[in-house]
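Enquirer: Provided herewith is a single structure, encoded as structure tokens, for subsequent inquiry.
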Amino acid sequence: MRVSFTLNGTVTQAEVPPGTTLMELLRGLGAVSVKDGCARGDCGSCAVLLDGRAVTACLLFAGQVEGRQVRTAEGLADEVGLHPLQQAVLDAGGVQCGFCTPGILMAAVDLLDRIPDPTEAQIREGLAGNLCRCTGYVKIVDGIRDAAAMLAATGRTTDGEEAGDG
Amino acid sequence: MAEKYEVVGHNERRVDGTALVTGKPVFVADLPERPGTLHLALLTSPHAHARIRAIDTARAEALDGVALVLTHENTPDRTYTTAGQGYPEPSPYDTRMFNPKVRFVGDRVAAVAADSLATARAALGLIDVEYEVLEPVLSIDAALAEGAPLVHDEPCPDAWDAEHNIAAYSEAVAGDVEAGLAAAHTTVDVTIETHYGQHVPIEPHVVSSYLDEHDRLVLVSSTQVPFHARRIVGRLLDVPIHRIRVIKPRIGGGFGVKQEILIEDLLALTTLRTGRPATMSYTREQEFHASRTRHPMRIRVRLGADEDGTLQAIDMDVLSNTGAYGTHSLTVLSNVGSKTLPLYNLAPDVRFIGKAVYTNLPVAGAYRGYGATQGQYAMEVAIDQLAEALGMDALELRARNHIRTGGTSPIFRALGEGREGVEQTVSSCELEACIEIGADRIGWATKRGRRHREGSWVHGIGMSVHMQGSGIPLIDMAAASIKLNDDGSINLDVGATDLGTGSDTVLGQIAAEVLALPLEKVIVTSSDTDRTPFDTGAYASSTTYVSGTAVQRAAVAVRDQLIAAAAEMLDADPTTLEVASERVSDPDGDSVSFEKIALRALYGENQHQIAATASSVPESSPPPFIASFAEVAVDTDTGQIRVLDYVVAADCGTAVHPKLAEGQIEGAVANGIGYALVEDLAIDDRGRPRAIDLGRYKIPAATDLPRIETILVDSYDPTGPMGAKSIAEIGINAPLPTIANAVHDATGIWLTESPFTSERVLQALRAQGSGSGTG
């Protein structure tokens, strides 16, 4: 079957067998930041943004993204440099093995998009679907908090757009 | 320390950080698939104990796309150990690649290599296996019972006593422990039981293999032990070491479970037999069923003390369940004593006796903490019980008894890694400060013993103290090579294996510090058996201390060569020259840059490569120390425990990268809290783990944990690179006793069996008469 969707801003078409998951589709297209940690939606390592909301790509079929927007960690940094979340989580020491990191970054983009100035409890709630075995989450939480402050200070959204008045 | 050094002690940008946060293809499964790659699937035993009467693979082999089916009938039958340890491995050779007798649910039966994973999995269903089901051995007691079925009824010469299901035995004696206990003013006698836990690296085991352009076998493996993997695979499959290359890319966590040679042999044999590339990743279910676990143990500790609390006698008796195979059975067992008993070194009478038994249960192996987790749980609960019996404060009792700088223990010499240990004097110990700082931060003075109540929830405070080691003395060996490039940058090639801890960065910092370079001018390459020098691997908290020392020595040698070359250029006495900010300077202020030195050495006069290789085989293993504190709340209606606050004060010597060091503690404590409260393989009465996915084996999410606070206490170890000791394992030992002691403070019950489930807590509360429904 044929799937057409937008991947990190680029219109993308792929031919996949029926039953292909979104995780398999994306990894096959080279978006290997989408990690396979359990293939059952438990670990969150395959989290991507589907129309701006974090979803586990292992639980969706490729066909379900037809005509929709998908964003992965490959789509976070731009020509200027790392996304504030990438920068802040790295600087805070929130990356150890790094395997869960892309999924966590996508969950955090979703979170800051909904709640630009989250409390620690809200950050932890936003990460509840992403398992990390290395860090104990402290420094990931710190990094997301720092990123929120950076975004607020520069008046930008998680997309890198100027924030609106609302 | 930050003032003392330019790079060490600073939170430098990780050398692999940008690649990781941008999702670059750096893990095994991310690398492009080679044309013609075969995918492997594994058939495992549904029985805990059975003999394979017959196995028919004809239908599987006939399936279109299947290239190879491996069983015990067509694979090498030599015995080996999967333990990725130094040679000769101190683990019994009791394992075969495939075995006509299966010994646990998850044991290998067959593997299929096919064009696609779907085909390989379909072929598994076409393999007909006729089992003769045998009576399984499903507990330590069953293994030791008279007339018990034998897990290993074949000749098993290097197990301790396979004819009685004993894989390993360990003992150490100083003084006369029975006399010491008899003479003591106060004694306590505690028995604890621990359960099966699994490491759960988020990246499962994964290996890819291919033949390179010279028909050499290449294994790209998510391994903590690339050099051991090369040796063990080579010996198992009769392939000369020089025909094998093992490459370790980034690893998605290991925690000990990747110190096992679990699937490399399957990939190697498939590629050697077919000539085709091959790949295999464990499923999450296999990670629980067919991988490795933490040894469940039963440990009895008896303590005897004077009236003032000075320990006089310590007796520790250990029964360890190694499961179906004895990988790491002896060394984890001896570590229960060797990493626990020296902490209280005043007692003249000490005895340690341990047995590791075979069962038809999941195979235990190396897991962060490595026996210390179980031993220190028993010891630290016993210490709290002793404090209560003496009417002493738990902090005061520990402060009276714990080892100090300059102290030693007969256990250091008596208990080693599968052989006699090495005499040691503790070269640095800031545990007193750790206890003081941690107690202050948690509010010990105001909260301990108060049993503050909110509705059905009652609060308590607990603590425990811990030690580990820094590598295995006179066994672990590491090497590092450094060469200077045209622009004054260096390549740092290390055998050390960064398993996700950030050790590439830490080792780079040590080289950068010695050579007065910024970290970005250090190009770190780690663990490729063709490209880097040897290292025993990433285990036993060894990398910063053992490999870091090798890096420091190589860097010093390169610095000396830079100085010698600069002396020629400056026409100066080399002993007067100084290295700073990528330059070598003489006392008059004349200087040359590293770049100029490099250009001259490579292209100009006296041409030569400025480079050095150095090794390190430390004679000691300085223990890091921590004091761990928690505040918990216990729901007396439901038995639920909540960890409200967790503080660790740690002495790891110089923290080369403070945030990475804190992260080691925080991650280890998080894992330990999960293990203490909920993580459980939950074996059923037929030996099958109920845990098959992360829904049924819960590891802590961000919402399940308090904000764990780490305080790095000022410390310097004179034997370590720039004063550093290790930090990676120690934190995981803390939550079991810290939480148990906090729950006792809250409720009066002693939790001596893990995990501390609501059901277990409630039963204990009811037994004590303080639970809900008992009035």
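Following the order of the structure tokens, chains are lettered A, B, ..., residues in each are numbered from 1, and ligands are numbered from 1.
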For a quick test of understanding: name the residues of chain A lying within 7 Å of chain B when counting only C-alpha atoms, and present them as a PyMOL selection string.

Expert: chain A and resi 32-33+37-38+42+73-74+86+90-91+93+96-99+101-102+124-125+127-128+131+133-138

Enquirer: Applying 10 Å and only C-alpha atoms, which residues near Gln609 in chain B remain after dropping the ones on its own chain fewer than 2 positions away? List them as a PDB file with C-alpha atoms, in the first residue's frame.

Expert:
```
ATOM      1  CA  LYS B 483      48.439  10.176  18.904  1.00  0.00           C
ATOM      2  CA  LEU B 484      48.961  13.787  17.964  1.00  0.00           C
ATOM      3  CA  ASN B 485      47.461  15.190  14.764  1.00  0.00           C
ATOM      4  CA  GLN B 561      57.119  13.859  23.941  1.00  0.00           C
ATOM      5  CA  ALA B 598      52.904  18.609  15.420  1.00  0.00           C
ATOM      6  CA  ALA B 601      57.212  16.416  13.995  1.00  0.00           C
ATOM      7  CA  LEU B 602      55.123  15.223  11.062  1.00  0.00           C
ATOM      8  CA  ASN B 606      63.281  15.055  13.476  1.00  0.00           C
ATOM      9  CA  GLN B 607      60.146  13.621  11.932  1.00  0.00           C
ATOM     10  CA  ALA B 611      52.102   8.989  20.253  1.00  0.00           C
ATOM     11  CA  ALA B 612      51.969   6.685  23.249  1.00  0.00           C
TER      12      ALA B 612
END
```

Enquirer: Name all residues at most 7 Å from range 104-120 of chain B (count only C-alpha atoms; drop same-chain ones fewer than 6 positions away) and give them as a list in words.

Expert: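 Once the adjacent positions are removed, what remains is Thr37, Leu38, His39, Leu40, Ala41, Leu42, Leu43, Thr44, Ser45, Pro46, His47, Ala48, His49, Gly65, Val66, Ala67, Leu68, Val69, Leu70, Thr71, Phe98, His289, Ala290, Ala324, Asn360, Leu361, Pro362, Gly687 and Arg688 of chain B.
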
Enquirer: Please determine, counting only C-alpha atoms, which residue among A:Leu59, A:Val109, A:Val70, A:Cys43 has the shortest atom-to-atom distance to Leu26 in chain A.

Expert: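 Using only C-alpha atoms, the shortest distance to Leu26 in chain A belongs to A:Val70.
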
Enquirer: Quick one: everything within 9 Å of range 147-163 of chain A, counting only C-alpha atoms, minus sequence neighbours fewer than 2 positions away in the same chain. Send it as a list of chain:residue names.

Expert: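 Non-adjacent residues within range: A:Leu76, A:His83, A:Pro84, A:Leu85, A:Gln86, A:Gln87, A:Ala88, A:Val89, A:Val109, A:Asp110, A:Leu112, A:Asp113, A:Pro116, A:Asp117, A:Pro118, A:Asp142, A:Gly143, A:Ile144, A:Arg145, A:Asp165, A:Gly166.
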
Enquirer: Excluding Arg553 in chain B and any residue of its chain fewer than 4 positions from it, enumerate the residues within 12 Å of it, using only C-alpha atoms, and give them as a list in words.

Expert: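 Near neighbours after the sequence-gap exclusion: Ala478, Ala479, Ala480, Ser481, Ile482, Leu507, Ile510, Ala511, Glu513, Val514, Leu515, Val546, Ser547, Gly548, Thr549, Ala557, Val558, Arg559, Asp560, Ala611, Ala612, Thr613, Ala614, Ser615, Ser616, Val617, Gly720, Pro721 and Met722 of chain B.
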
Enquirer: Taking only range 257-342 of chain B into account, list the residues labelled helix (DSSP H, G or I) by DSSP (computed from the backbone), as a short mmCIF file (atom, residue, chain, number, x, y, z; two decimals) with C-alpha atoms, in the first residue's frame.

Expert:
```
data_model
loop_
_atom_site.label_atom_id
_atom_site.label_comp_id
_atom_site.auth_asym_id
_atom_site.auth_seq_id
_atom_site.Cartn_x
_atom_site.Cartn_y
_atom_site.Cartn_z
CA VAL B 257 23.24 -7.87 31.29
CA LYS B 258 25.45 -7.02 28.32
CA GLN B 259 28.46 -8.49 30.11
CA GLU B 264 27.04 -13.13 19.43
CA ASP B 265 27.70 -16.85 18.89
CA LEU B 266 24.45 -17.32 16.92
CA LEU B 267 25.21 -14.43 14.60
CA ALA B 268 28.82 -15.51 14.15
CA LEU B 269 27.93 -19.09 13.27
CA THR B 270 25.17 -18.00 10.90
CA THR B 271 27.51 -15.70 8.98
CA LEU B 272 30.33 -18.25 8.94
CA ARG B 273 28.03 -21.02 7.67
CA THR B 274 26.15 -18.97 5.07
CA ARG B 284 11.37 -7.55 25.17
CA GLU B 285 9.85 -10.88 26.17
CA GLN B 286 13.17 -12.65 25.49
CA GLU B 287 14.92 -9.96 27.48
CA PHE B 288 12.84 -11.17 30.46
CA HIS B 289 12.83 -14.91 29.67
CA SER B 329 27.78 -17.57 40.24
CA LEU B 330 31.05 -17.62 42.17
CA THR B 331 32.04 -13.99 41.75
CA VAL B 332 28.63 -12.51 42.60
CA LEU B 333 28.56 -14.81 45.63
CA SER B 334 31.96 -13.77 46.93
CA ASN B 335 31.09 -10.14 46.26
CA VAL B 336 28.19 -10.41 48.73
CA GLY B 337 30.84 -10.63 51.41
CA SER B 338 33.75 -8.76 49.90
CA LEU B 341 31.97 -6.91 55.34
CA PRO B 342 34.92 -4.48 55.02
#
```

Enquirer: DSSP on the backbone: which residues in range 270-467 of chain B end up as strand (DSSP E)? Give the answer as an MDAnalysis selection string.

Expert: chainID B and resid 278:281 297:305 311:323 349:358 453:454 457:467

Enquirer: Just to be explicit: take each residue in the selection above, keep C-alpha atoms, and write the result as an mmCIF file, in the first residue's frame.

Expert:
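Once written, result_22.cif looks like this:
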```
data_model
loop_
_atom_site.group_PDB
_atom_site.id
_atom_site.type_symbol
_atom_site.label_atom_id
_atom_site.label_comp_id
_atom_site.auth_asym_id
_atom_site.auth_seq_id
_atom_site.Cartn_x
_atom_site.Cartn_y
_atom_site.Cartn_z
ATOM 1 C CA ALA B 278 22.939 -11.510 9.772
ATOM 2 C CA THR B 279 21.198 -9.591 12.503
ATOM 3 C CA MET B 280 19.220 -10.342 15.619
ATOM 4 C CA SER B 281 17.631 -8.393 18.402
ATOM 5 C CA MET B 297 19.394 -14.847 47.675
ATOM 6 C CA ARG B 298 18.689 -15.852 51.218
ATOM 7 C CA ILE B 299 21.171 -14.235 53.564
ATOM 8 C CA ARG B 300 21.469 -14.669 57.297
ATOM 9 C CA VAL B 301 23.486 -12.072 59.191
ATOM 10 C CA ARG B 302 24.375 -12.341 62.864
ATOM 11 C CA LEU B 303 25.991 -9.404 64.620
ATOM 12 C CA GLY B 304 27.505 -9.178 68.060
ATOM 13 C CA ALA B 305 28.444 -5.882 69.702
ATOM 14 C CA LEU B 311 30.958 -4.565 66.591
ATOM 15 C CA GLN B 312 32.780 -7.677 67.800
ATOM 16 C CA ALA B 313 31.484 -10.401 65.509
ATOM 17 C CA ILE B 314 29.860 -10.586 62.077
ATOM 18 C CA ASP B 315 28.613 -13.833 60.575
ATOM 19 C CA MET B 316 27.181 -13.916 57.081
ATOM 20 C CA ASP B 317 25.662 -17.022 55.553
ATOM 21 C CA VAL B 318 24.534 -16.812 51.937
ATOM 22 C CA LEU B 319 22.475 -19.044 49.690
ATOM 23 C CA SER B 320 22.371 -17.742 46.143
ATOM 24 C CA ASN B 321 20.170 -19.020 43.336
ATOM 25 C CA THR B 322 22.183 -18.916 40.101
ATOM 26 C CA GLY B 323 19.387 -20.487 38.048
ATOM 27 C CA ASP B 349 35.636 -12.185 64.455
ATOM 28 C CA VAL B 350 34.191 -12.417 60.965
ATOM 29 C CA ARG B 351 32.926 -15.350 58.961
ATOM 30 C CA PHE B 352 31.480 -15.563 55.486
ATOM 31 C CA ILE B 353 30.074 -18.747 53.992
ATOM 32 C CA GLY B 354 28.196 -18.869 50.717
ATOM 33 C CA LYS B 355 26.797 -21.374 48.283
ATOM 34 C CA ALA B 356 25.337 -20.714 44.845
ATOM 35 C CA VAL B 357 22.890 -23.391 43.778
ATOM 36 C CA TYR B 358 21.601 -24.523 40.419
ATOM 37 C CA ARG B 453 0.527 10.639 60.582
ATOM 38 C CA GLU B 454 -1.777 12.000 57.867
ATOM 39 C CA TRP B 457 -0.496 7.389 55.969
ATOM 40 C CA VAL B 458 2.324 7.327 58.474
ATOM 41 C CA HIS B 459 5.760 8.773 57.740
ATOM 42 C CA GLY B 460 9.218 7.416 58.531
ATOM 43 C CA ILE B 461 12.875 8.137 57.876
ATOM 44 C CA GLY B 462 15.517 5.549 57.125
ATOM 45 C CA MET B 463 19.101 5.374 56.017
ATOM 46 C CA SER B 464 21.887 3.006 55.121
ATOM 47 C CA VAL B 465 25.554 3.256 54.179
ATOM 48 C CA HIS B 466 27.319 1.529 51.324
ATOM 49 C CA MET B 467 30.587 0.769 49.624
#
```

Enquirer: Any idea what the distance is between CA of Ser291 in chain B and CA of Thr529 in chain B?

Expert: 24.5 Å

Enquirer: Taking only C-alpha atoms into account, which of B:Pro518, B:Pro623, B:Pro240, B:Pro410 comes nearest Ser581 in chain B?

Expert: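 Between B:Pro518, B:Pro623, B:Pro240, B:Pro410, the residue approaching Ser581 in chain B most closely is B:Pro518.
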
Enquirer: Would you mind reading off the distance between CA of Ala172 in chain B and CA of Thr194 in chain B, one decimal, in Å?

Expert: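 Spanning CA of Ala172 in chain B to CA of Thr194 in chain B is a straight-line distance of 22.5 Å.
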